[in-house]
>>> print(open('final31.txt').read())   # compact mmCIF, C-alpha atoms (C1' of nucleotides)
# COMPACT_ATOMS: atom_id res chain seq x y z
CA MET A 1 -9.39 -45.83 17.89
CA PRO A 2 -6.62 -43.32 17.35
CA ASN A 3 -3.19 -44.84 17.61
CA ASN A 4 -1.57 -41.71 19.02
CA GLN A 5 1.89 -42.64 17.98
CA PHE A 6 3.29 -39.17 18.35
CA LYS A 7 4.51 -37.62 21.48
CA LYS A 8 4.47 -33.87 21.24
CA GLY A 9 8.13 -33.44 20.45
CA GLU A 10 8.02 -35.83 17.53
CA LEU A 11 4.92 -34.60 15.81
CA TYR A 12 6.57 -31.48 14.52
CA SER A 13 9.11 -32.86 12.05
CA PHE A 14 6.64 -35.21 10.52
CA ILE A 15 4.26 -32.42 9.66
CA THR A 16 6.82 -29.89 8.53
CA GLY A 17 8.83 -32.36 6.48
CA LYS A 18 12.21 -31.20 7.72
CA ALA A 19 13.89 -34.18 6.08
CA SER A 20 12.56 -33.51 2.59
CA THR A 21 13.23 -29.79 3.01
CA ALA A 22 16.83 -30.63 3.84
CA ILE A 23 17.10 -32.91 0.82
CA ALA A 24 15.64 -30.31 -1.53
CA ARG A 25 17.95 -27.60 -0.21
CA ARG A 26 21.00 -29.77 -0.63
CA LEU A 27 20.03 -30.63 -4.19
CA GLN A 28 19.34 -26.98 -4.98
CA LYS A 29 22.81 -26.06 -3.74
CA LYS A 30 24.29 -28.74 -5.97
CA PHE A 31 22.41 -27.29 -8.93
CA ASN A 32 23.67 -23.81 -8.10
CA SER A 33 27.26 -24.97 -7.62
CA SER A 34 27.12 -26.69 -10.99
CA GLY A 35 25.96 -23.47 -12.59
CA LEU A 36 22.52 -24.93 -13.32
CA ASN A 37 19.97 -22.14 -13.34
CA LEU A 38 17.08 -24.36 -12.31
CA THR A 39 14.84 -24.63 -9.26
CA ILE A 40 13.97 -27.95 -7.68
CA GLU A 41 10.34 -27.35 -8.58
CA GLN A 42 11.22 -26.76 -12.22
CA TRP A 43 13.38 -29.88 -12.12
CA SER A 44 10.46 -31.88 -10.74
CA VAL A 45 8.41 -30.93 -13.81
CA LEU A 46 11.24 -31.84 -16.17
CA TYR A 47 11.59 -35.12 -14.26
CA HIS A 48 8.14 -36.21 -15.41
CA LEU A 49 8.63 -34.89 -18.92
CA TRP A 50 11.82 -36.94 -19.24
CA LYS A 51 9.73 -40.00 -18.47
CA GLN A 52 7.09 -38.92 -20.97
CA GLU A 53 6.83 -35.67 -22.85
CA GLY A 54 3.91 -34.30 -24.79
CA ILE A 55 1.57 -34.60 -21.81
CA SER A 56 -0.95 -31.93 -20.82
CA GLN A 57 -0.62 -29.43 -18.02
CA GLN A 58 -3.39 -31.25 -16.19
CA GLU A 59 -1.40 -34.47 -16.37
CA LEU A 60 1.57 -32.58 -14.96
CA CYS A 61 -0.65 -31.41 -12.12
CA ASN A 62 -1.50 -34.99 -11.22
CA ALA A 63 2.07 -36.19 -11.60
CA THR A 64 3.62 -33.46 -9.50
CA PHE A 65 0.83 -33.13 -6.93
CA ARG A 66 0.36 -29.43 -7.73
CA ASP A 67 -2.68 -27.38 -8.64
CA LYS A 68 -3.32 -25.85 -12.04
CA PRO A 69 -2.12 -22.31 -11.35
CA SER A 70 1.15 -23.68 -9.97
CA ILE A 71 1.75 -25.66 -13.15
CA THR A 72 0.76 -22.73 -15.35
CA ARG A 73 3.44 -20.64 -13.74
CA LEU A 74 6.08 -23.35 -13.62
CA VAL A 75 5.53 -23.94 -17.33
CA ASP A 76 5.67 -20.17 -17.88
CA ASN A 77 9.07 -20.05 -16.23
CA LEU A 78 10.36 -23.18 -17.94
CA GLU A 79 9.27 -21.71 -21.26
CA ARG A 80 11.11 -18.47 -20.48
CA LEU A 81 14.21 -20.55 -19.74
CA ASN A 82 13.71 -22.19 -23.13
CA LEU A 83 13.40 -25.63 -21.54
CA VAL A 84 9.86 -26.55 -22.58
CA LYS A 85 7.37 -25.56 -25.22
CA ARG A 86 3.57 -25.43 -25.10
CA VAL A 87 2.01 -27.00 -28.17
CA PRO A 88 -1.78 -26.69 -28.52
CA SER A 89 -3.41 -30.10 -28.93
CA GLU A 90 -5.02 -30.59 -32.32
CA ASN A 91 -7.81 -32.76 -30.98
CA ASP A 92 -8.82 -30.56 -28.10
CA ARG A 93 -8.05 -26.93 -28.28
CA ARG A 94 -8.34 -26.47 -24.51
CA ILE A 95 -5.21 -28.55 -24.00
CA ASN A 96 -1.54 -27.60 -24.13
CA LEU A 97 0.87 -30.45 -24.71
CA ILE A 98 4.25 -29.81 -23.13
CA TYR A 99 7.41 -30.75 -24.98
CA LEU A 100 11.06 -30.62 -23.98
CA THR A 101 13.56 -28.51 -25.89
CA LYS A 102 17.03 -29.68 -26.82
CA PRO A 103 18.65 -27.87 -23.88
CA ALA A 104 16.25 -29.59 -21.49
CA GLN A 105 17.05 -33.00 -22.91
CA LYS A 106 20.69 -32.36 -22.17
CA LEU A 107 19.98 -31.61 -18.51
CA GLN A 108 18.62 -35.02 -17.65
CA GLU A 109 21.78 -36.97 -17.07
CA GLU A 110 23.59 -34.34 -15.03
CA THR A 111 20.67 -33.44 -12.77
CA MET A 112 19.65 -37.03 -12.13
CA ALA A 113 23.22 -37.81 -11.11
CA LEU A 114 23.13 -34.89 -8.65
CA ALA A 115 19.80 -36.12 -7.30
CA GLU A 116 21.14 -39.60 -6.70
CA GLU A 117 24.25 -38.17 -5.10
CA THR A 118 22.07 -36.12 -2.76
CA LEU A 119 20.02 -39.12 -1.73
CA ASN A 120 23.11 -41.15 -1.09
CA GLU A 121 24.41 -38.42 1.19
CA ALA A 122 21.04 -38.25 2.90
CA LEU A 123 20.86 -41.99 3.49
CA GLU A 124 24.45 -42.60 4.39
CA THR A 125 24.62 -45.05 7.28
CA VAL A 126 20.97 -46.03 6.90
CA PRO A 127 20.56 -49.76 6.23
CA THR A 128 18.67 -50.63 3.07
CA GLU A 129 15.88 -52.45 4.85
CA LYS A 130 15.10 -49.39 6.96
CA VAL A 131 15.03 -47.22 3.86
CA ASP A 132 12.54 -49.65 2.36
CA VAL A 133 10.28 -49.44 5.39
CA CYS A 134 10.48 -45.66 5.30
CA LYS A 135 9.56 -45.50 1.62
CA GLU A 136 6.65 -47.83 2.25
CA VAL A 137 5.32 -45.76 5.15
CA LEU A 138 5.58 -42.50 3.22
CA GLN A 139 3.73 -44.04 0.30
CA ILE A 140 0.92 -45.17 2.58
CA VAL A 141 0.74 -41.72 4.18
CA TYR A 142 0.43 -40.18 0.75
CA ASP A 143 -2.25 -42.66 -0.32
CA ASN A 144 -4.17 -42.16 2.91
CA LEU A 145 -4.36 -38.41 2.44
CA LYS A 146 -4.27 -37.61 -1.24
CA MET B 147 30.60 -46.54 -2.21
CA PRO B 148 27.20 -45.15 -3.06
CA ASN B 149 24.39 -47.38 -1.96
CA ASN B 150 22.12 -46.44 -4.85
CA GLN B 151 18.97 -47.47 -3.12
CA PHE B 152 16.69 -45.55 -5.40
CA LYS B 153 15.37 -46.69 -8.67
CA LYS B 154 14.33 -43.80 -10.80
CA GLY B 155 10.63 -43.98 -10.06
CA GLU B 156 11.16 -43.86 -6.33
CA LEU B 157 13.64 -41.06 -6.13
CA TYR B 158 11.06 -38.43 -6.91
CA SER B 159 8.77 -38.61 -3.88
CA PHE B 160 11.65 -38.68 -1.48
CA ILE B 161 13.03 -35.43 -2.81
CA THR B 162 9.76 -33.62 -3.26
CA GLY B 163 8.34 -34.73 0.08
CA LYS B 164 4.93 -35.61 -1.25
CA ALA B 165 3.97 -37.25 2.05
CA SER B 166 4.72 -34.23 4.21
CA THR B 167 3.08 -31.95 1.65
CA ALA B 168 -0.04 -34.08 1.89
CA ILE B 169 0.04 -33.96 5.68
CA ALA B 170 0.47 -30.19 5.75
CA ARG B 171 -2.36 -29.67 3.28
CA ARG B 172 -4.70 -31.85 5.24
CA LEU B 173 -3.89 -29.98 8.44
CA GLN B 174 -4.33 -26.62 6.73
CA LYS B 175 -7.77 -27.69 5.54
CA LYS B 176 -8.67 -28.66 9.09
CA PHE B 177 -7.56 -25.24 10.30
CA ASN B 178 -9.65 -23.57 7.63
CA SER B 179 -12.71 -25.71 8.34
CA SER B 180 -12.42 -24.85 12.01
CA GLY B 181 -12.38 -21.16 11.15
CA LEU B 182 -8.77 -20.80 12.27
CA ASN B 183 -7.10 -18.05 10.30
CA LEU B 184 -3.62 -19.51 10.58
CA THR B 185 -1.12 -20.98 8.14
CA ILE B 186 0.81 -24.16 8.90
CA GLU B 187 4.01 -22.14 8.84
CA GLN B 188 2.64 -19.68 11.39
CA TRP B 189 1.47 -22.63 13.48
CA SER B 190 4.95 -24.13 13.36
CA VAL B 191 6.34 -20.97 14.94
CA LEU B 192 3.66 -20.94 17.62
CA TYR B 193 4.44 -24.63 18.20
CA HIS B 194 7.92 -23.75 19.43
CA LEU B 195 6.73 -20.75 21.39
CA TRP B 196 4.23 -22.93 23.24
CA LYS B 197 7.15 -25.06 24.33
CA GLN B 198 9.12 -21.99 25.34
CA GLU B 199 8.26 -18.37 24.75
CA GLY B 200 10.48 -15.34 25.11
CA ILE B 201 13.09 -16.76 22.75
CA SER B 202 14.86 -14.73 20.07
CA GLN B 203 14.12 -14.73 16.36
CA GLN B 204 17.47 -16.44 15.80
CA GLU B 205 16.44 -19.24 18.13
CA LEU B 206 13.21 -19.54 16.17
CA CYS B 207 15.30 -19.84 13.00
CA ASN B 208 17.20 -22.77 14.46
CA ALA B 209 14.09 -24.43 15.86
CA THR B 210 12.05 -24.15 12.69
CA PHE B 211 14.87 -24.72 10.19
CA ARG B 212 14.22 -21.38 8.46
CA ASP B 213 16.47 -18.46 7.58
CA LYS B 214 16.31 -15.07 9.22
CA PRO B 215 14.24 -13.26 6.61
CA SER B 216 11.63 -16.02 6.73
CA ILE B 217 11.29 -15.66 10.48
CA THR B 218 11.20 -11.86 10.27
CA ARG B 219 8.21 -12.09 7.96
CA LEU B 220 6.46 -14.87 9.86
CA VAL B 221 6.79 -12.85 13.05
CA ASP B 222 5.55 -9.78 11.15
CA ASN B 223 2.43 -11.67 10.13
CA LEU B 224 1.91 -13.25 13.54
CA GLU B 225 2.20 -9.81 15.09
CA ARG B 226 -0.38 -8.44 12.67
CA LEU B 227 -2.68 -11.28 13.69
CA ASN B 228 -2.09 -10.24 17.30
CA LEU B 229 -0.67 -13.66 18.17
CA VAL B 230 2.86 -12.71 19.18
CA LYS B 231 4.70 -9.64 20.38
CA ARG B 232 8.29 -8.57 19.82
CA VAL B 233 9.92 -7.38 23.03
CA PRO B 234 13.41 -5.89 22.73
CA SER B 235 15.88 -7.65 25.00
CA GLU B 236 17.20 -5.46 27.78
CA ASN B 237 20.62 -7.13 27.82
CA ASP B 238 21.27 -7.05 24.11
CA ARG B 239 19.50 -4.47 22.06
CA ARG B 240 20.02 -6.39 18.83
CA ILE B 241 17.66 -9.09 20.03
CA ASN B 242 13.89 -9.33 19.90
CA LEU B 243 12.34 -11.74 22.36
CA ILE B 244 9.08 -13.18 21.06
CA TYR B 245 6.14 -13.61 23.41
CA LEU B 246 2.71 -15.14 22.93
CA THR B 247 -0.45 -13.12 23.34
CA LYS B 248 -3.54 -14.35 25.15
CA PRO B 249 -5.29 -15.33 21.88
CA ALA B 250 -2.28 -17.40 20.86
CA GLN B 251 -2.22 -19.23 24.17
CA LYS B 252 -5.82 -20.23 23.58
CA LEU B 253 -4.99 -21.77 20.19
CA GLN B 254 -2.65 -24.43 21.49
CA GLU B 255 -5.07 -27.10 22.59
CA GLU B 256 -7.34 -26.94 19.54
CA THR B 257 -4.57 -26.87 16.93
CA MET B 258 -2.54 -29.61 18.56
CA ALA B 259 -5.62 -31.81 18.61
CA LEU B 260 -6.11 -31.18 14.87
CA ALA B 261 -2.46 -31.99 14.23
CA GLU B 262 -2.70 -35.29 16.09
CA GLU B 263 -5.90 -36.10 14.27
CA THR B 264 -4.17 -35.44 10.95
CA LEU B 265 -1.26 -37.70 11.81
CA ASN B 266 -3.59 -40.45 12.90
CA GLU B 267 -5.38 -40.24 9.56
CA ALA B 268 -2.04 -40.24 7.77
CA LEU B 269 -0.75 -43.28 9.63
CA GLU B 270 -3.94 -45.30 9.68
CA THR B 271 -3.13 -48.95 8.96
CA VAL B 272 0.60 -48.40 9.51
CA PRO B 273 1.97 -50.57 12.32
CA THR B 274 3.70 -48.71 15.13
CA GLU B 275 7.06 -50.37 14.60
CA LYS B 276 7.16 -49.22 10.98
CA VAL B 277 6.31 -45.68 12.01
CA ASP B 278 9.21 -45.83 14.44
CA VAL B 279 11.62 -46.93 11.73
CA CYS B 280 10.37 -44.17 9.46
CA LYS B 281 10.83 -41.50 12.12
CA GLU B 282 14.31 -42.79 12.79
CA VAL B 283 15.30 -42.71 9.12
CA LEU B 284 13.93 -39.18 8.60
CA GLN B 285 15.84 -37.99 11.65
CA ILE B 286 19.07 -39.44 10.30
CA VAL B 287 18.45 -37.86 6.89
CA TYR B 288 17.97 -34.51 8.56
CA ASP B 289 21.10 -34.91 10.67
CA ASN B 290 23.12 -36.01 7.65
CA LEU B 291 22.21 -32.92 5.67
CA LYS B 292 21.55 -30.06 8.04
C1' DT C 293 39.79 3.23 23.36
C1' DT C 294 39.26 2.50 18.93
C1' DT C 295 38.45 -0.38 15.25
C1' DG C 296 37.29 -4.60 12.83
C1' DA C 297 34.69 -8.77 13.02
C1' DA C 298 30.68 -11.20 14.45
C1' DT C 299 25.79 -11.37 15.45
C1' DA C 300 20.62 -10.02 15.23
C1' DG C 301 17.42 -8.45 12.57
C1' DT C 302 15.33 -6.06 8.22
C1' DT C 303 14.53 -5.08 3.32
C1' DG C 304 14.57 -6.03 -1.77
C1' DT C 305 13.82 -9.28 -5.31
C1' DA C 306 12.67 -13.69 -7.52
C1' DT C 307 10.24 -18.01 -7.33
C1' DA C 308 6.59 -20.87 -5.70
C1' DA C 309 2.00 -22.47 -3.49
C1' DA C 310 -2.99 -22.06 -2.31
C1' DC C 311 -7.35 -20.27 -3.32
C1' DA C 312 -10.90 -17.87 -5.89
C1' DA C 313 -12.54 -16.09 -10.01
C1' DC C 314 -12.22 -16.02 -14.66
C1' DT C 315 -12.13 -17.46 -20.16
C1' DA C 316 -12.35 -20.81 -23.67
C1' DT C 317 -13.50 -25.14 -25.35
C1' DA C 318 -15.74 -29.60 -25.26
C1' DT C 319 -19.47 -32.78 -23.99
C1' DG C 320 -23.90 -34.58 -23.19
C1' DC C 321 -28.71 -34.33 -22.86
C1' DC C 322 -33.27 -32.44 -24.26
C1' DG D 323 -29.24 -27.56 -32.66
C1' DG D 324 -29.06 -25.33 -28.17
C1' DC D 325 -28.07 -25.06 -23.51
C1' DA D 326 -26.22 -26.68 -19.05
C1' DT D 327 -22.22 -28.63 -17.28
C1' DA D 328 -17.62 -30.20 -17.08
C1' DT D 329 -12.81 -29.59 -18.22
C1' DA D 330 -8.25 -27.05 -19.40
C1' DG D 331 -5.87 -23.37 -18.62
C1' DT D 332 -4.97 -18.34 -16.95
C1' DT D 333 -4.93 -14.36 -13.81
C1' DG D 334 -5.10 -11.90 -9.27
C1' DT D 335 -3.99 -11.93 -4.52
C1' DT D 336 -1.79 -13.47 -0.22
C1' DT D 337 1.69 -16.02 2.10
C1' DA D 338 6.08 -18.22 2.26
C1' DT D 339 11.11 -19.30 0.91
C1' DA D 340 15.90 -18.34 -0.65
C1' DC D 341 19.53 -15.30 -1.39
C1' DA D 342 21.99 -10.94 -1.23
C1' DA D 343 22.64 -6.62 0.70
C1' DC D 344 21.86 -3.74 4.29
C1' DT D 345 21.63 -1.44 9.46
C1' DA D 346 22.37 -1.67 14.29
C1' DT D 347 24.57 -3.50 18.11
C1' DT D 348 27.99 -6.18 20.56
C1' DC D 349 32.46 -8.09 21.32
C1' DA D 350 37.31 -8.64 21.21
C1' DA D 351 41.89 -7.56 20.18
C1' DA D 352 45.51 -4.20 19.24
>>> encode(input="final31.txt", output="structure tokens")
Amino acid sequence: MPNNQFKKGELYSFITGKASTAIARRLQKKFNSSGLNLTIEQWSVLYHLWKQEGISQQELCNATFRDKPSITRLVDNLERLNLVKRVPSENDRRINLIYLTKPAQKLQEETMALAEETLNEALETVPTEKVDVCKEVLQIVYDNLK
Amino acid sequence: MPNNQFKKGELYSFITGKASTAIARRLQKKFNSSGLNLTIEQWSVLYHLWKQEGISQQELCNATFRDKPSITRLVDNLERLNLVKRVPSENDRRINLIYLTKPAQKLQEETMALAEETLNEALETVPTEKVDVCKEVLQIVYDNLK
DNA sequence: TTTGAATAGTTGTATAAACAACTATATGCC
DNA sequence: GGCATATAGTTGTTTATACAACTATTCAAA
């Protein structure tokens, strides 16, 4: 039994993700204004490397929900920016382990602060309990479809 | 006063829009499986034209939350697919009015059904009242940032 | 009526995503 | 050991997005 929760006019934003597009754009502008030469997508890769570096490109694929060619090219660009370095694994020569450079380590604090700032702007006036419900629903959606 | 509702691990999905990415991918796969040669982005333009055709590219920009070059190229591609037609406005020669072709009119029912199907899969097991809260929050986020 | 600003749309360039096809390496089974 | 298969990563191609710079047209004010 389909639950048909969407009237026509509402279906659109949910599919196109206007809210997350708006968040990403705002954060990108903050990066640009701060003179950070970094895309949101590049930042999202660094985000996972800050949590744990020395992981493989495949692990970055899983973490960032991207396919292998996308990660290959993001790592290409991050390497050109001197933010990460591919290091061939010694155990398995198919694998590249990705490590952060010094400049990348320095970016963490500033960019995370801008990200939090952006989310606070986005969620201004939204009560915490509604934010919690929203996070929960989006997680379920992701789990249902991934 | 920042409300700091996001612990580090949760901040990521909100910014990257993993849920809407998953929805869009699932819908794209349904299009492909049905032999529909149409991207989600192209569909999102048709979506607004089905509601009202004969609008300008600028109005499509506003409706779809895209900039002018993006719409120029989407309309280029839709025209190549013989789904829309640019008609110069008679009142204002700067303006192109965008009209649907016969083939595009025929796509509405099938694609909207696939979109609803996708959302039902995405929201399976989510109670209606939580979906409502989620929609409300995403709308506020969009309004806060747009 | 002319001229300067605003608006509509296009083009160039860089980055990114999806998909298919490819290479190289590792694994597992006979 | 040798061969089929799986896995990790790369490359080519198409489509889309963002930004800047551009053309054409309209509008409004001096």
>>> closest_residue(input="final31.txt", among="A:Ala24, A:Ala63, A:Val87, A:Ile71", to="DA308 (chain C)", atoms="all atoms listed in the file")
A:Ile71
>>> atom_distance(input="final31.txt", atom1="CA of Arg232 (chain B)", atom2="C1' of DA350 (chain D)")
29.1 Å
>>> interface_residues(input="final31.txt", of="chain D", to="chain B", cutoff="12 Å", atoms="only C-alpha atoms (C1' of nucleotides)", output="list in words")
DT336, DT337, DA338, DT339, DA340, DC341, DA342, DT345, DA346, DT347, DT348 and DC349 of chain D
>>> residues_around(input="final31.txt", residues="DT335 (chain D)", least_positions_apart="5", cutoff="12 Å", atoms="all atoms listed in the file", output="list in words")
DA310, DC311, DA312 and DA313 of chain C
>>> atom_distance(input="final31.txt", atom1="CA of Ser179 (chain B)", atom2="CA of Trp196 (chain B)")
22.7 Å
>>> calpha_fit_and_write(input="final31.txt", fixed="chain A", moving="chain B", output="compact mmCIF listing (two decimals) with C-alpha atoms, keeping the file's coordinate frame")
# COMPACT_ATOMS: atom_id res chain seq x y z
CA MET B 147 -9.37 -45.79 17.83
CA PRO B 148 -6.59 -43.29 17.29
CA ASN B 149 -3.18 -44.82 17.54
CA ASN B 150 -1.56 -41.70 18.98
CA GLN B 151 1.91 -42.65 17.96
CA PHE B 152 3.32 -39.19 18.32
CA LYS B 153 4.57 -37.63 21.43
CA LYS B 154 4.54 -33.90 21.19
CA GLY B 155 8.20 -33.45 20.36
CA GLU B 156 8.03 -35.83 17.44
CA LEU B 157 4.91 -34.60 15.79
CA TYR B 158 6.56 -31.47 14.51
CA SER B 159 9.10 -32.84 12.04
CA PHE B 160 6.61 -35.19 10.50
CA ILE B 161 4.25 -32.37 9.65
CA THR B 162 6.83 -29.85 8.55
CA GLY B 163 8.83 -32.34 6.50
CA LYS B 164 12.20 -31.21 7.75
CA ALA B 165 13.90 -34.19 6.11
CA SER B 166 12.56 -33.53 2.62
CA THR B 167 13.24 -29.81 3.03
CA ALA B 168 16.83 -30.65 3.86
CA ILE B 169 17.11 -32.93 0.85
CA ALA B 170 15.65 -30.34 -1.50
CA ARG B 171 17.96 -27.63 -0.19
CA ARG B 172 21.00 -29.79 -0.59
CA LEU B 173 20.03 -30.64 -4.16
CA GLN B 174 19.34 -26.99 -4.96
CA LYS B 175 22.80 -26.07 -3.71
CA LYS B 176 24.29 -28.74 -5.96
CA PHE B 177 22.40 -27.30 -8.91
CA ASN B 178 23.66 -23.83 -8.08
CA SER B 179 27.25 -24.98 -7.61
CA SER B 180 27.11 -26.71 -10.97
CA GLY B 181 25.95 -23.49 -12.59
CA LEU B 182 22.52 -24.93 -13.32
CA ASN B 183 19.96 -22.16 -13.34
CA LEU B 184 17.07 -24.38 -12.30
CA THR B 185 14.84 -24.64 -9.24
CA ILE B 186 13.96 -27.98 -7.67
CA GLU B 187 10.34 -27.35 -8.56
CA GLN B 188 11.22 -26.75 -12.20
CA TRP B 189 13.37 -29.89 -12.11
CA SER B 190 10.45 -31.88 -10.74
CA VAL B 191 8.40 -30.94 -13.79
CA LEU B 192 11.23 -31.83 -16.16
CA TYR B 193 11.57 -35.11 -14.24
CA HIS B 194 8.13 -36.20 -15.40
CA LEU B 195 8.62 -34.89 -18.90
CA TRP B 196 11.81 -36.94 -19.24
CA LYS B 197 9.72 -39.99 -18.47
CA GLN B 198 7.09 -38.92 -20.97
CA GLU B 199 6.84 -35.67 -22.84
CA GLY B 200 3.91 -34.29 -24.79
CA ILE B 201 1.57 -34.59 -21.81
CA SER B 202 -0.95 -31.94 -20.81
CA GLN B 203 -0.62 -29.43 -18.00
CA GLN B 204 -3.40 -31.27 -16.17
CA GLU B 205 -1.40 -34.48 -16.35
CA LEU B 206 1.57 -32.58 -14.96
CA CYS B 207 -0.66 -31.41 -12.10
CA ASN B 208 -1.51 -34.99 -11.23
CA ALA B 209 2.06 -36.21 -11.59
CA THR B 210 3.61 -33.46 -9.50
CA PHE B 211 0.82 -33.12 -6.93
CA ARG B 212 0.34 -29.42 -7.72
CA ASP B 213 -2.71 -27.36 -8.63
CA LYS B 214 -3.34 -25.85 -12.03
CA PRO B 215 -2.13 -22.33 -11.33
CA SER B 216 1.14 -23.69 -9.97
CA ILE B 217 1.75 -25.66 -13.14
CA THR B 218 0.75 -22.73 -15.34
CA ARG B 219 3.44 -20.62 -13.70
CA LEU B 220 6.08 -23.35 -13.63
CA VAL B 221 5.52 -23.95 -17.33
CA ASP B 222 5.66 -20.17 -17.88
CA ASN B 223 9.06 -20.05 -16.22
CA LEU B 224 10.34 -23.18 -17.94
CA GLU B 225 9.26 -21.70 -21.26
CA ARG B 226 11.10 -18.48 -20.48
CA LEU B 227 14.19 -20.55 -19.74
CA ASN B 228 13.70 -22.19 -23.13
CA LEU B 229 13.39 -25.63 -21.54
CA VAL B 230 9.85 -26.55 -22.57
CA LYS B 231 7.36 -25.56 -25.23
CA ARG B 232 3.58 -25.44 -25.10
CA VAL B 233 2.01 -27.01 -28.17
CA PRO B 234 -1.76 -26.71 -28.52
CA SER B 235 -3.40 -30.10 -28.94
CA GLU B 236 -4.99 -30.59 -32.33
CA ASN B 237 -7.79 -32.80 -30.99
CA ASP B 238 -8.81 -30.62 -28.09
CA ARG B 239 -8.04 -26.96 -28.28
CA ARG B 240 -8.33 -26.50 -24.52
CA ILE B 241 -5.20 -28.57 -24.01
CA ASN B 242 -1.55 -27.61 -24.13
CA LEU B 243 0.85 -30.47 -24.70
CA ILE B 244 4.23 -29.80 -23.12
CA TYR B 245 7.40 -30.76 -24.97
CA LEU B 246 11.05 -30.62 -23.99
CA THR B 247 13.55 -28.51 -25.87
CA LYS B 248 17.03 -29.67 -26.82
CA PRO B 249 18.64 -27.87 -23.85
CA ALA B 250 16.24 -29.59 -21.47
CA GLN B 251 17.03 -33.00 -22.90
CA LYS B 252 20.68 -32.36 -22.17
CA LEU B 253 19.98 -31.62 -18.50
CA GLN B 254 18.62 -35.03 -17.63
CA GLU B 255 21.78 -36.99 -17.06
CA GLU B 256 23.60 -34.34 -15.02
CA THR B 257 20.67 -33.44 -12.76
CA MET B 258 19.66 -37.03 -12.12
CA ALA B 259 23.22 -37.81 -11.10
CA LEU B 260 23.13 -34.89 -8.63
CA ALA B 261 19.81 -36.11 -7.27
CA GLU B 262 21.15 -39.61 -6.68
CA GLU B 263 24.25 -38.18 -5.08
CA THR B 264 22.07 -36.12 -2.74
CA LEU B 265 20.01 -39.12 -1.72
CA ASN B 266 23.11 -41.16 -1.09
CA GLU B 267 24.43 -38.43 1.20
CA ALA B 268 21.06 -38.25 2.92
CA LEU B 269 20.86 -41.99 3.49
CA GLU B 270 24.47 -42.61 4.39
CA THR B 271 24.65 -45.06 7.30
CA VAL B 272 20.99 -46.04 6.90
CA PRO B 273 20.57 -49.76 6.20
CA THR B 274 18.68 -50.63 3.04
CA GLU B 275 15.88 -52.45 4.81
CA LYS B 276 15.10 -49.39 6.92
CA VAL B 277 15.03 -47.20 3.84
CA ASP B 278 12.55 -49.63 2.33
CA VAL B 279 10.28 -49.43 5.36
CA CYS B 280 10.47 -45.65 5.28
CA LYS B 281 9.56 -45.47 1.60
CA GLU B 282 6.66 -47.81 2.23
CA VAL B 283 5.32 -45.74 5.13
CA LEU B 284 5.59 -42.45 3.20
CA GLN B 285 3.75 -44.01 0.28
CA ILE B 286 0.93 -45.14 2.55
CA VAL B 287 0.74 -41.69 4.16
CA TYR B 288 0.43 -40.14 0.73
CA ASP B 289 -2.24 -42.62 -0.35
CA ASN B 290 -4.16 -42.11 2.88
CA LEU B 291 -4.36 -38.36 2.41
CA LYS B 292 -4.28 -37.56 -1.27
>>> residues_around(input="final31.txt", residues="Leu49 (chain A)", least_positions_apart="5", cutoff="10 Å", atoms="all atoms listed in the file", output="PyMOL selection string")
chain A and resi 43-44+54-55+60+63+84+98-100+104-105
>>> interface_residues(input="final31.txt", of="chain B", to="chain A", cutoff="7 Å", atoms="all atoms listed in the file", output="PyMOL selection string")
chain B and resi 148-151+160-166+168-170+266+268-269+272+274+276-277+279-280+283-284+287-288+290-292
>>> residues_around(input="final31.txt", residues="DG320 (chain C)", least_positions_apart="2", cutoff="10 Å", atoms="only C-alpha atoms (C1' of nucleotides)", output="ChimeraX atom specification")
/C:318,322 /D:326-328
>>> interface_residues(input="final31.txt", of="chain C", to="chain B", cutoff="12 Å", atoms="only C-alpha atoms (C1' of nucleotides)", output="JSON, numbers by chain")
{"C": [299, 300, 301, 302, 303, 304, 309, 310, 311]}
>>> atom_distance(input="final31.txt", atom1="CA of Glu109 (chain A)", atom2="CA of Ser34 (chain A)")
13.1 Å
>>> axis_aligned_box(input="final31.txt", around="region 327-345 of chain D", padding_each_side="4 Å", output="JSON")
{"center_x": 0.2, "center_y": -15.8, "center_z": -5.0, "size_x": 52.9, "size_y": 36.8, "size_z": 36.9}
>>> decode(input="final31.txt", residues="region 26-30 of chain A", atoms="N, CA, C and O atoms", output="compact mmCIF listing (two decimals), in the first residue's frame")
# COMPACT_ATOMS: atom_id res chain seq x y z
N ARG A 26 25.67 28.13 0.14
CA ARG A 26 26.01 29.10 1.17
C ARG A 26 27.40 28.81 1.73
O ARG A 26 28.21 29.71 1.91
N LEU A 27 27.66 27.54 1.98
CA LEU A 27 28.98 27.18 2.52
C LEU A 27 30.08 27.47 1.49
O LEU A 27 31.15 27.98 1.85
N GLN A 28 29.79 27.18 0.22
CA GLN A 28 30.80 27.48 -0.81
C GLN A 28 31.13 28.96 -0.84
O GLN A 28 32.29 29.36 -0.96
N LYS A 29 30.09 29.79 -0.72
CA LYS A 29 30.32 31.24 -0.72
C LYS A 29 31.17 31.65 0.47
O LYS A 29 32.04 32.53 0.37
N LYS A 30 30.93 31.02 1.61
CA LYS A 30 31.75 31.32 2.79
C LYS A 30 33.20 30.93 2.56
O LYS A 30 34.12 31.66 2.94
